[in-house]
file upload.cif (mmCIF, C-alpha atoms and all ligand atoms)
data_entry
loop_
_atom_site.label_atom_id
_atom_site.label_comp_id
_atom_site.auth_asym_id
_atom_site.auth_seq_id
_atom_site.Cartn_x
_atom_site.Cartn_y
_atom_site.Cartn_z
CA MET A 88 -17.47 -10.10 12.02
CA THR A 89 -17.27 -8.94 15.59
CA THR A 90 -20.14 -6.68 16.39
CA THR A 91 -19.27 -3.88 18.70
CA THR A 92 -21.66 -1.72 20.64
CA VAL A 93 -23.91 0.27 18.40
CA THR A 94 -23.82 3.88 19.44
CA THR A 95 -26.71 6.07 18.45
CA THR A 96 -24.94 9.31 19.01
CA VAL A 97 -21.58 10.45 17.80
CA THR A 98 -19.25 10.83 20.72
CA ALA A 99 -15.59 11.61 20.82
CA THR A 100 -14.97 8.44 22.76
CA ALA A 101 -16.33 5.82 20.41
CA PRO A 102 -14.94 2.50 21.62
CA ALA A 103 -11.89 1.33 19.78
CA GLY A 104 -12.55 -1.89 17.98
CA PRO A 105 -10.51 -4.15 15.79
CA VAL A 106 -10.68 -3.27 12.12
CA ALA A 107 -13.34 -5.79 11.25
CA PRO A 108 -14.63 -5.69 7.71
CA ALA A 109 -18.42 -5.61 7.36
CA VAL A 110 -18.17 -8.58 5.04
CA PRO A 111 -16.04 -11.51 6.25
CA LEU A 112 -12.57 -11.40 4.80
CA ALA A 113 -12.78 -14.86 3.24
CA ALA A 114 -15.79 -13.69 1.22
CA GLU A 115 -13.89 -10.61 0.05
CA GLN A 116 -10.93 -12.74 -0.99
CA GLN A 117 -13.19 -15.09 -2.90
CA ARG A 118 -14.82 -12.14 -4.64
CA THR A 119 -11.38 -10.74 -5.49
CA ALA A 120 -10.42 -14.00 -7.17
CA GLU A 121 -13.61 -13.93 -9.27
CA LEU A 122 -12.99 -10.30 -10.19
CA GLU A 123 -9.42 -10.98 -11.25
CA GLU A 124 -10.73 -13.54 -13.70
CA LEU A 125 -13.32 -11.11 -15.09
CA ILE A 126 -10.74 -8.33 -15.39
CA ARG A 127 -8.43 -10.57 -17.35
CA ARG A 128 -11.17 -11.43 -19.80
CA GLN A 129 -12.90 -8.06 -20.07
CA PRO A 130 -10.80 -5.18 -18.75
CA GLY A 131 -13.07 -2.72 -20.58
CA ARG A 132 -15.95 -3.52 -18.22
CA PHE A 133 -14.14 -1.98 -15.30
CA ARG A 134 -13.29 1.47 -14.09
CA VAL A 135 -10.89 1.74 -11.19
CA LEU A 136 -10.68 4.46 -8.60
CA THR A 137 -8.08 4.33 -5.89
CA GLY A 138 -5.78 6.74 -4.13
CA ASP A 139 -3.86 7.89 -1.09
CA ARG A 140 -3.69 10.62 1.45
CA PRO A 141 -0.73 12.87 0.73
CA THR A 142 1.03 12.58 4.07
CA GLY A 143 4.59 11.69 3.15
CA ARG A 144 6.70 9.69 0.80
CA LEU A 145 5.54 6.27 -0.29
CA HIS A 146 7.66 3.32 0.75
CA LEU A 147 8.29 -0.31 -0.12
CA GLY A 148 5.17 -1.41 1.73
CA HIS A 149 3.08 0.75 -0.60
CA TYR A 150 5.08 -0.41 -3.59
CA PHE A 151 4.50 -4.12 -3.08
CA GLY A 152 1.13 -3.67 -1.38
CA THR A 153 -0.75 -1.41 -3.78
CA LEU A 154 1.31 0.50 -6.34
CA LEU A 155 2.38 -2.48 -8.43
CA ASN A 156 -1.21 -3.68 -8.45
CA ARG A 157 -2.39 -0.34 -9.83
CA VAL A 158 0.19 -0.37 -12.56
CA ARG A 159 -0.79 -3.94 -13.40
CA LEU A 160 -4.45 -2.93 -13.81
CA GLN A 161 -3.44 0.03 -15.93
CA GLU A 162 -1.35 -2.26 -18.14
CA LEU A 163 -4.28 -4.65 -18.47
CA GLY A 164 -6.20 -1.79 -20.01
CA VAL A 165 -8.53 -0.96 -17.11
CA GLU A 166 -9.46 2.72 -17.07
CA THR A 167 -7.97 4.11 -13.89
CA PHE A 168 -8.52 7.19 -11.72
CA VAL A 169 -6.11 7.93 -8.88
CA VAL A 170 -7.16 10.42 -6.23
CA ILE A 171 -4.66 12.39 -4.20
CA ALA A 172 -6.96 12.76 -1.20
CA ASP A 173 -5.81 16.13 0.04
CA TYR A 174 -9.03 16.92 1.92
CA GLN A 175 -8.80 13.62 3.78
CA VAL A 176 -5.45 14.58 5.23
CA ILE A 177 -7.04 17.04 7.61
CA THR A 178 -9.18 14.44 9.39
CA ASP A 179 -6.78 13.83 12.22
CA ARG A 180 -4.29 16.63 12.25
CA ASP A 181 -4.49 20.22 13.34
CA VAL A 182 -2.41 21.59 10.54
CA ALA A 183 -2.12 20.36 7.01
CA ASP A 184 1.54 21.26 7.06
CA ARG A 185 3.58 21.01 3.90
CA LEU A 186 0.57 19.86 1.93
CA GLY A 187 1.96 21.17 -1.37
CA GLU A 188 5.19 19.28 -0.83
CA HIS A 189 3.35 16.08 0.06
CA VAL A 190 1.12 16.31 -3.00
CA GLU A 191 4.15 16.80 -5.23
CA ASN A 192 5.97 13.85 -3.65
CA LEU A 193 2.96 11.60 -4.02
CA LEU A 194 2.62 12.52 -7.67
CA LEU A 195 6.34 11.86 -8.17
CA ASP A 196 6.05 8.47 -6.50
CA TYR A 197 3.13 7.57 -8.77
CA LEU A 198 4.97 8.59 -11.90
CA ALA A 199 8.14 6.84 -10.74
CA VAL A 200 6.45 3.47 -10.32
CA GLY A 201 4.86 3.68 -13.74
CA ILE A 202 1.45 5.26 -13.36
CA ASP A 203 1.10 6.79 -16.79
CA PRO A 204 -0.79 10.09 -16.92
CA ALA A 205 -1.73 9.41 -20.53
CA ARG A 206 -3.70 6.37 -19.41
CA SER A 207 -4.52 7.04 -15.75
CA THR A 208 -6.18 10.18 -14.44
CA VAL A 209 -4.40 11.52 -11.37
CA PHE A 210 -6.16 14.36 -9.56
CA THR A 211 -6.52 16.09 -6.19
CA HIS A 212 -10.06 15.87 -4.89
CA SER A 213 -9.98 19.42 -3.49
CA ALA A 214 -9.78 20.70 -7.07
CA ILE A 215 -13.02 19.04 -8.16
CA PRO A 216 -16.00 21.09 -6.89
CA ALA A 217 -18.63 18.79 -8.41
CA LEU A 218 -17.11 15.78 -6.63
CA ASN A 219 -17.28 17.57 -3.31
CA GLN A 220 -20.87 18.62 -3.88
CA LEU A 221 -21.91 14.95 -4.02
CA LEU A 222 -21.08 14.79 -0.33
CA LEU A 223 -24.32 16.59 0.59
CA PRO A 224 -26.90 14.22 -0.89
CA PHE A 225 -24.69 11.30 0.15
CA LEU A 226 -24.63 12.43 3.78
CA SER A 227 -28.42 12.35 3.81
CA LEU A 228 -28.32 8.64 3.05
CA VAL A 229 -26.42 7.47 6.11
CA SER A 230 -27.34 7.68 9.77
CA VAL A 231 -25.18 9.15 12.49
CA ALA A 232 -25.16 5.72 14.14
CA GLU A 233 -23.71 4.18 11.02
CA LEU A 234 -21.00 6.81 10.85
CA GLY A 235 -20.02 6.05 14.44
CA ARG A 236 -19.80 2.33 13.79
CA ASN A 237 -17.15 2.37 11.04
CA PRO A 238 -14.32 0.19 12.40
CA THR A 239 -11.53 1.98 10.51
CA VAL A 240 -12.74 5.33 11.80
CA LYS A 241 -12.92 3.95 15.34
CA ASP A 242 -9.40 2.66 15.01
CA GLU A 243 -8.14 6.02 13.77
CA ILE A 244 -9.86 7.80 16.63
CA ALA A 245 -8.26 5.42 19.10
CA HIS A 246 -4.84 6.20 17.70
CA SER A 247 -5.40 9.91 17.16
CA ARG A 248 -3.27 12.24 19.22
CA GLN A 249 -5.91 14.91 19.18
CA SER A 250 -8.02 15.77 22.19
CA SER A 251 -11.24 15.99 20.20
CA VAL A 252 -12.57 14.29 17.12
CA SER A 253 -13.55 16.40 14.14
CA GLY A 254 -16.76 16.05 12.18
CA LEU A 255 -14.65 15.19 9.18
CA MET A 256 -13.30 12.13 10.98
CA TYR A 257 -16.81 10.69 11.02
CA THR A 258 -17.80 11.85 7.57
CA TYR A 259 -14.69 11.31 5.47
CA PRO A 260 -15.80 7.78 4.49
CA VAL A 261 -18.85 9.39 2.88
CA HIS A 262 -16.57 11.83 1.12
CA GLN A 263 -14.55 8.83 0.02
CA ALA A 264 -17.77 7.43 -1.46
CA ALA A 265 -17.93 10.65 -3.52
CA ASP A 266 -14.31 10.03 -4.61
CA ILE A 267 -15.35 6.64 -5.88
CA LEU A 268 -18.80 7.35 -7.27
CA PHE A 269 -18.18 10.66 -9.04
CA CYS A 270 -16.60 8.66 -11.86
CA LYS A 271 -18.88 5.64 -11.36
CA ALA A 272 -15.93 3.42 -10.59
CA ASN A 273 -16.91 -0.21 -10.12
CA LEU A 274 -13.58 -1.44 -8.82
CA VAL A 275 -11.63 -0.14 -5.83
CA PRO A 276 -8.24 -1.78 -5.26
CA VAL A 277 -7.50 -1.31 -1.57
CA GLY A 278 -6.01 -2.86 1.51
CA GLN A 279 -8.12 -4.50 4.19
CA ASP A 280 -8.43 -1.38 6.33
CA GLN A 281 -10.37 0.32 3.54
CA LEU A 282 -13.04 -2.38 3.25
CA PRO A 283 -15.47 -0.59 5.59
CA HIS A 284 -15.25 2.50 3.38
CA VAL A 285 -16.03 0.50 0.26
CA GLU A 286 -18.99 -0.95 2.14
CA VAL A 287 -20.20 2.58 2.96
CA THR A 288 -19.85 3.43 -0.72
CA ARG A 289 -21.93 0.41 -1.75
CA THR A 290 -24.60 1.33 0.76
CA ILE A 291 -24.76 4.91 -0.48
CA ALA A 292 -24.93 3.82 -4.12
CA ARG A 293 -27.74 1.39 -3.33
CA ARG A 294 -29.72 3.85 -1.27
CA PHE A 295 -29.28 6.63 -3.79
CA ASN A 296 -30.50 4.37 -6.57
CA ASP A 297 -33.44 3.24 -4.44
CA ARG A 298 -34.46 6.70 -3.39
CA TYR A 299 -34.09 8.49 -6.68
CA GLY A 300 -34.39 5.43 -8.84
CA THR A 301 -35.26 5.73 -12.42
CA THR A 302 -35.22 2.64 -14.59
CA THR A 303 -31.44 2.59 -14.73
CA PRO A 304 -29.41 2.95 -11.56
CA VAL A 305 -27.31 6.11 -11.36
CA PHE A 306 -24.43 4.53 -9.47
CA PRO A 307 -22.74 1.12 -9.62
CA GLU A 308 -22.11 -0.74 -6.37
CA PRO A 309 -18.34 -0.93 -6.55
CA ASP A 310 -16.34 -3.96 -5.54
CA ALA A 311 -13.21 -3.89 -3.44
CA LEU A 312 -10.27 -5.59 -5.06
CA LEU A 313 -8.00 -6.74 -2.27
CA SER A 314 -4.35 -6.58 -3.12
CA ALA A 315 -2.36 -9.47 -1.74
CA ALA A 316 -0.44 -7.19 0.61
CA PRO A 317 2.73 -8.92 1.75
CA SER A 318 3.37 -8.73 5.48
CA LEU A 319 6.41 -6.49 5.47
CA LEU A 320 7.41 -5.07 8.83
CA GLY A 321 9.22 -1.83 9.45
CA THR A 322 12.94 -2.04 10.20
CA ASP A 323 12.10 -1.66 13.91
CA GLY A 324 9.92 -4.76 13.77
CA GLY A 325 6.73 -2.69 14.03
CA LYS A 326 4.14 -1.74 11.45
CA MET A 327 5.70 -0.02 8.46
CA SER A 328 4.72 3.60 8.63
CA LYS A 329 5.42 6.83 6.79
CA SER A 330 5.74 8.62 10.09
CA ARG A 331 8.01 6.21 11.96
CA ALA A 332 11.11 6.36 9.75
CA ASN A 333 11.16 2.57 9.72
CA SER A 334 10.64 1.99 6.04
CA VAL A 335 12.58 2.44 2.81
CA ALA A 336 11.04 5.31 0.87
CA LEU A 337 10.93 4.89 -2.89
CA SER A 338 12.74 8.21 -3.06
CA ALA A 339 15.54 7.22 -0.65
CA THR A 340 19.07 7.07 -2.05
CA ALA A 341 21.00 3.80 -2.26
CA ASP A 342 23.09 4.93 0.73
CA GLU A 343 20.08 5.84 2.85
CA THR A 344 18.62 2.46 1.97
CA ALA A 345 21.80 0.67 3.08
CA ARG A 346 21.87 2.62 6.34
CA LEU A 347 18.25 1.89 7.14
CA ILE A 348 18.56 -1.82 6.44
CA ARG A 349 21.83 -2.04 8.38
CA GLY A 350 19.93 -0.76 11.41
CA ALA A 351 17.07 -3.22 10.97
CA ARG A 352 16.15 -5.41 13.89
CA THR A 353 17.00 -9.11 13.52
CA ASP A 354 17.63 -11.88 16.05
CA VAL A 355 20.57 -13.79 17.53
CA GLU A 356 20.12 -16.97 15.52
CA ARG A 357 22.91 -17.08 12.91
CA HIS A 358 21.28 -19.50 10.50
CA ILE A 359 18.82 -17.62 8.31
CA THR A 360 15.41 -19.18 7.74
CA TYR A 361 12.08 -17.96 6.45
CA ASP A 362 9.78 -18.33 9.43
CA PRO A 363 7.21 -15.49 9.55
CA VAL A 364 5.66 -16.73 12.79
CA GLY A 365 8.74 -17.67 14.81
CA ARG A 366 11.14 -15.04 13.44
CA PRO A 367 9.03 -12.16 12.13
CA GLU A 368 11.83 -9.58 11.76
CA VAL A 369 14.20 -11.87 9.87
CA ALA A 370 11.35 -13.25 7.77
CA SER A 371 10.29 -9.74 6.80
CA LEU A 372 13.78 -8.96 5.51
CA VAL A 373 13.96 -12.26 3.63
CA LEU A 374 10.54 -11.57 2.13
CA LEU A 375 11.62 -8.09 1.06
CA ALA A 376 14.60 -9.48 -0.85
CA ALA A 377 12.36 -12.16 -2.35
CA LEU A 378 9.80 -9.61 -3.53
CA CYS A 379 12.50 -7.42 -5.05
CA ARG A 380 14.04 -10.34 -6.91
CA GLU A 381 10.72 -12.05 -7.63
CA ALA A 382 12.10 -15.13 -5.96
CA ASP A 383 10.89 -17.61 -3.36
CA PRO A 384 11.68 -16.47 0.21
CA HIS A 385 12.75 -19.97 1.24
CA ALA A 386 15.30 -19.98 -1.58
CA ILE A 387 16.65 -16.60 -0.48
CA ALA A 388 16.98 -17.84 3.11
CA ALA A 389 18.77 -20.98 1.94
CA GLU A 390 21.13 -18.89 -0.16
CA ILE A 391 22.18 -16.90 2.91
CA GLY A 392 22.27 -19.94 5.17
CA ASP A 393 24.82 -19.48 7.95
CA GLY A 394 25.82 -16.01 6.78
CA GLY A 395 23.89 -14.45 9.63
CA ALA A 396 22.28 -11.05 9.89
CA ALA A 397 25.14 -9.23 8.18
CA ALA A 398 24.88 -11.32 5.01
CA LEU A 399 21.10 -11.09 5.12
CA LYS A 400 21.24 -7.31 5.25
CA ARG A 401 23.75 -7.19 2.43
CA VAL A 402 21.50 -9.31 0.23
CA VAL A 403 18.42 -7.26 1.10
CA THR A 404 20.15 -3.94 0.48
CA GLU A 405 21.41 -5.06 -2.88
CA ALA A 406 18.04 -6.47 -3.90
CA VAL A 407 16.17 -3.32 -2.89
CA ASN A 408 18.63 -0.95 -4.54
CA GLU A 409 18.67 -2.93 -7.72
CA ARG A 410 14.90 -3.15 -7.87
CA LEU A 411 14.38 0.53 -7.13
CA ALA A 412 17.14 1.88 -9.37
CA PRO A 413 14.88 2.45 -12.41
CA VAL A 414 12.08 3.78 -10.19
CA ARG A 415 14.45 6.26 -8.60
CA ALA A 416 15.86 7.31 -11.94
CA ARG A 417 12.38 8.03 -13.26
CA ARG A 418 11.51 9.89 -10.09
CA ALA A 419 14.59 12.08 -10.35
CA ALA A 420 13.86 12.86 -13.98
CA PHE A 421 10.30 13.97 -13.23
CA ALA A 422 11.45 15.96 -10.20
CA GLN A 423 13.59 18.08 -12.51
CA ASP A 424 10.58 19.36 -14.39
CA LYS A 425 8.12 21.12 -12.11
CA GLY A 426 6.30 22.63 -15.06
CA GLU A 427 5.58 19.16 -16.41
CA LEU A 428 4.37 18.02 -12.97
CA ARG A 429 1.97 20.93 -12.78
CA ARG A 430 0.76 20.21 -16.30
CA ILE A 431 0.11 16.54 -15.45
CA LEU A 432 -1.91 17.47 -12.39
CA ARG A 433 -3.79 20.22 -14.19
CA GLU A 434 -4.78 17.84 -16.95
CA GLY A 435 -5.79 15.15 -14.47
CA ASN A 436 -7.90 17.67 -12.59
CA GLU A 437 -9.53 18.83 -15.80
CA ARG A 438 -10.40 15.30 -16.86
CA ALA A 439 -11.75 14.37 -13.43
CA GLY A 440 -13.61 17.68 -13.22
CA ALA A 441 -15.40 17.08 -16.51
CA VAL A 442 -16.47 13.60 -15.41
CA ALA A 443 -17.67 14.93 -12.05
CA GLU A 444 -19.74 17.66 -13.72
CA VAL A 445 -21.62 15.13 -15.81
CA THR A 446 -22.35 12.97 -12.76
CA LEU A 447 -23.48 15.93 -10.67
CA GLN A 448 -25.86 17.06 -13.41
CA GLU A 449 -27.32 13.59 -13.51
CA VAL A 450 -27.67 13.52 -9.73
CA ARG A 451 -29.42 16.87 -9.67
CA ALA A 452 -31.70 15.79 -12.49
CA VAL A 453 -32.88 12.61 -10.74
CA MET A 454 -33.30 14.56 -7.51
CA GLY A 455 -35.53 17.02 -9.30
CA ALA A 456 -33.08 19.78 -8.46
CA VAL A 457 -32.86 21.40 -11.88
CA TYR A 458 -34.97 24.55 -11.90
CA VAL A 459 -33.83 26.83 -14.62
N1 LIG A 501 -8.59 6.43 2.64
C1 LIG A 501 -7.48 6.17 1.76
C2 LIG A 501 -6.20 6.10 2.63
O1 LIG A 501 -6.21 6.53 3.75
C3 LIG A 501 -7.28 7.21 0.69
C4 LIG A 501 -8.47 7.38 -0.21
C5 LIG A 501 -9.23 8.51 -0.35
C6 LIG A 501 -9.03 6.41 -1.07
N2 LIG A 501 -10.20 8.32 -1.23
C7 LIG A 501 -10.13 7.04 -1.70
C8 LIG A 501 -8.71 5.07 -1.37
C9 LIG A 501 -10.93 6.35 -2.60
C10 LIG A 501 -9.52 4.39 -2.28
C11 LIG A 501 -10.63 5.02 -2.87
O2 LIG A 501 -5.20 5.65 2.16
#
call {"tool": "encode", "arguments": {"input": "upload.cif", "output": "structure tokens"}}
result
Amino acid sequence: MTTTTVTTTVTATAPAGPVAPAVPLAAEQQRTAELEELIRRQPGRFRVLTGDRPTGRLHLGHYFGTLLNRVRLQELGVETFVVIADYQVITDRDVADRLGEHVENLLLDYLAVGIDPARSTVFTHSAIPALNQLLLPFLSLVSVAELGRNPTVKDEIAHSRQSSVSGLMYTYPVHQAADILFCKANLVPVGQDQLPHVEVTRTIARRFNDRYGTTTPVFPEPDALLSAAPSLLGTDGGKMSKSRANSVALSATADETARLIRGARTDVERHITYDPVGRPEVASLVLLAALCREADPHAIAAEIGDGGAAALKRVVTEAVNERLAPVRARRAAFAQDKGELRRILREGNERAGAVAEVTLQEVRAVMGAVYV
């Protein structure tokens, strides 16, 4: 890893650093391969917690990057918790505008891709008091210097449009540890940028167990499970982003999808190839079609051949619309029934709340904080 300057005080101008995981990526990938093998053999040994900030509609990058992986784990029989991280949203924005709408859309996206509320517990962390209470003992286990060193936090600060940095910006990774540890999850499927937060979680679990240790540890040290995120670019050639209108939302219509892909950036070379390094924009479109059709990108490129950008975009549009048709149909069906949506979230919150209560009682007991 690249070590950046260690600051001992929290300042609003923490140097921006690259998002360097605390553990080298190759090691994480190796560990992920081992875990995959274990999961296949003994899914019952694992409990997954993962989730998202409700900030907008999920898009194809999320679909191929994380959502399919979650559904796969659920189908393998791994017990799964999915947090809608509504308190984390307010780390870097002044107003949590349209939060209710974002939460509803996130839930709809989950249900649309096949997260099954009968098997997976979906909840909003703001609704779970006992989860949030874990933040206090957890905060006592990390130093201010450590909080300031988190590479993902530094990156977010560097890209924040706010003039000052909130305390939550530095502490949300500890809150995220509470998201993960309240249900004693031992597996956290995430993208690379979240690795530092999983590392914080492991540190907190270890230190908690050391400090309040009885014979059996209270918390597991969870593993990150890296999803093989495909390198899809936004239609403008930049990073796919909810806020840049450069990505196909799962909830977009077939027409909106066609329009967005028609406007995608390509290059002047007529012959279509799959060359992620030399022709990133074209390669990203080819890859998108390949992912949708579960085909090899080189084969897709060969199929289009001299058809140029127009043929490429036609193929991609068709592939995306075909792939998303059942997802969109499910989404529309759920969107019709707000009562059912509320019921699903209420039940998820109740299940998560009960689990969190048990953990908090245990935490207070080992801390000696049970007096009456
Ligand atoms: N930080 C994650 C994101 O920005 C969301 C999140 C909150 C999360 N709590 C989590 C992810 C716990 C995994 C585990 O997308």
call {"tool": "residues_near_ligand", "arguments": {"input": "upload.cif", "ligand": "ligand LIG 501 (chain A)", "cutoff": "6 Å", "atoms": "all atoms listed in the file", "output": "VMD selection string"}}
result
chain A and resid 136 to 140 172 263 266 to 267
call {"tool": "closest_residue", "arguments": {"input": "upload.cif", "among": "A:Thr353, A:Gln129, A:Ser213, A:Gln249", "to": "Val369 in chain A", "atoms": "only C-alpha atoms"}}
result
A:Thr353
call {"tool": "atom_distance", "arguments": {"input": "upload.cif", "atom1": "CA of Leu226 in chain A", "atom2": "CA of His262 in chain A"}}
result
8.5 Å
call {"tool": "atom_distance", "arguments": {"input": "upload.cif", "atom1": "CA of Leu218 in chain A", "atom2": "CA of Ala264 in chain A"}}
result
9.8 Å
call {"tool": "residues_near_point", "arguments": {"input": "upload.cif", "point": "(-10.7, 14.0, -17.7)", "cutoff": "12 Å", "atoms": "all atoms listed in the file", "output": "list in words"}}
result
Glu166, Thr167, Phe168, Val169, Pro204, Ala205, Arg206, Ser207, Thr208, Val209, Phe210, Ile215, Phe269, Cys270, Ile431, Leu432, Arg433, Glu434, Gly435, Asn436, Glu437, Arg438, Ala439, Gly440, Ala441, Val442, Ala443, Glu444 and Val445 of chain A
call {"tool": "closest_residue", "arguments": {"input": "upload.cif", "among": "A:Leu372, A:Thr446, A:Asn156, A:Arg401", "to": "Ala265 in chain A", "atoms": "all atoms listed in the file"}}
result
A:Thr446
call {"tool": "residues_near_point", "arguments": {"input": "upload.cif", "point": "(16.1, -8.5, 2.5)", "cutoff": "6 Å", "atoms": "only C-alpha atoms", "output": "VMD selection string"}}
result
chain A and resid 372 to 373 375 to 376 400 402 to 403
call {"tool": "atom_distance", "arguments": {"input": "upload.cif", "atom1": "CA of Leu399 in chain A", "atom2": "CA of Ile387 in chain A"}}
result
9.0 Å
call {"tool": "closest_residue", "arguments": {"input": "upload.cif", "among": "A:Pro216, A:Pro276, A:Gly350, A:Gly131", "to": "Ala396 in chain A", "atoms": "all atoms listed in the file"}}
result
A:Gly350
call {"tool": "residues_around", "arguments": {"input": "upload.cif", "residues": "Pro317 in chain A", "least_positions_apart": "4", "cutoff": "8 Å", "atoms": "all atoms listed in the file", "output": "MDAnalysis selection string"}}
result
chainID A and resid 148 151:152
call {"tool": "write_last_selection", "arguments": {"input": "upload.cif", "atoms": "C-alpha atoms", "output": "PDB file, in the frame of the given file"}}
result
ATOM      1  CA  GLY A 148       5.170  -1.410   1.730  1.00  0.00           C
ATOM      2  CA  PHE A 151       4.500  -4.120  -3.080  1.00  0.00           C
ATOM      3  CA  GLY A 152       1.130  -3.670  -1.380  1.00  0.00           C
TER       4      GLY A 152
END
call {"tool": "closest_atom_pairs", "arguments": {"input": "upload.cif", "of": "range 101-173 of chain A", "to": "range 303-310 of chain A", "cutoff": "9 Å", "atoms": "all atoms listed in the file", "output": "Markdown table"}}
result
| residue | atom | partner | partner_atom | distance |
| --- | --- | --- | --- | --- |
| A:Arg118 | CA | A:Asp310 | CA | 8.4 |
| A:Thr119 | CA | A:Asp310 | CA | 8.4 |
| A:Leu122 | CA | A:Asp310 | CA | 8.5 |
call {"tool": "closest_residue", "arguments": {"input": "upload.cif", "among": "A:Arg180, A:Arg144, A:His246, A:His385", "to": "Ile359 in chain A", "atoms": "only C-alpha atoms"}}
result
A:His385
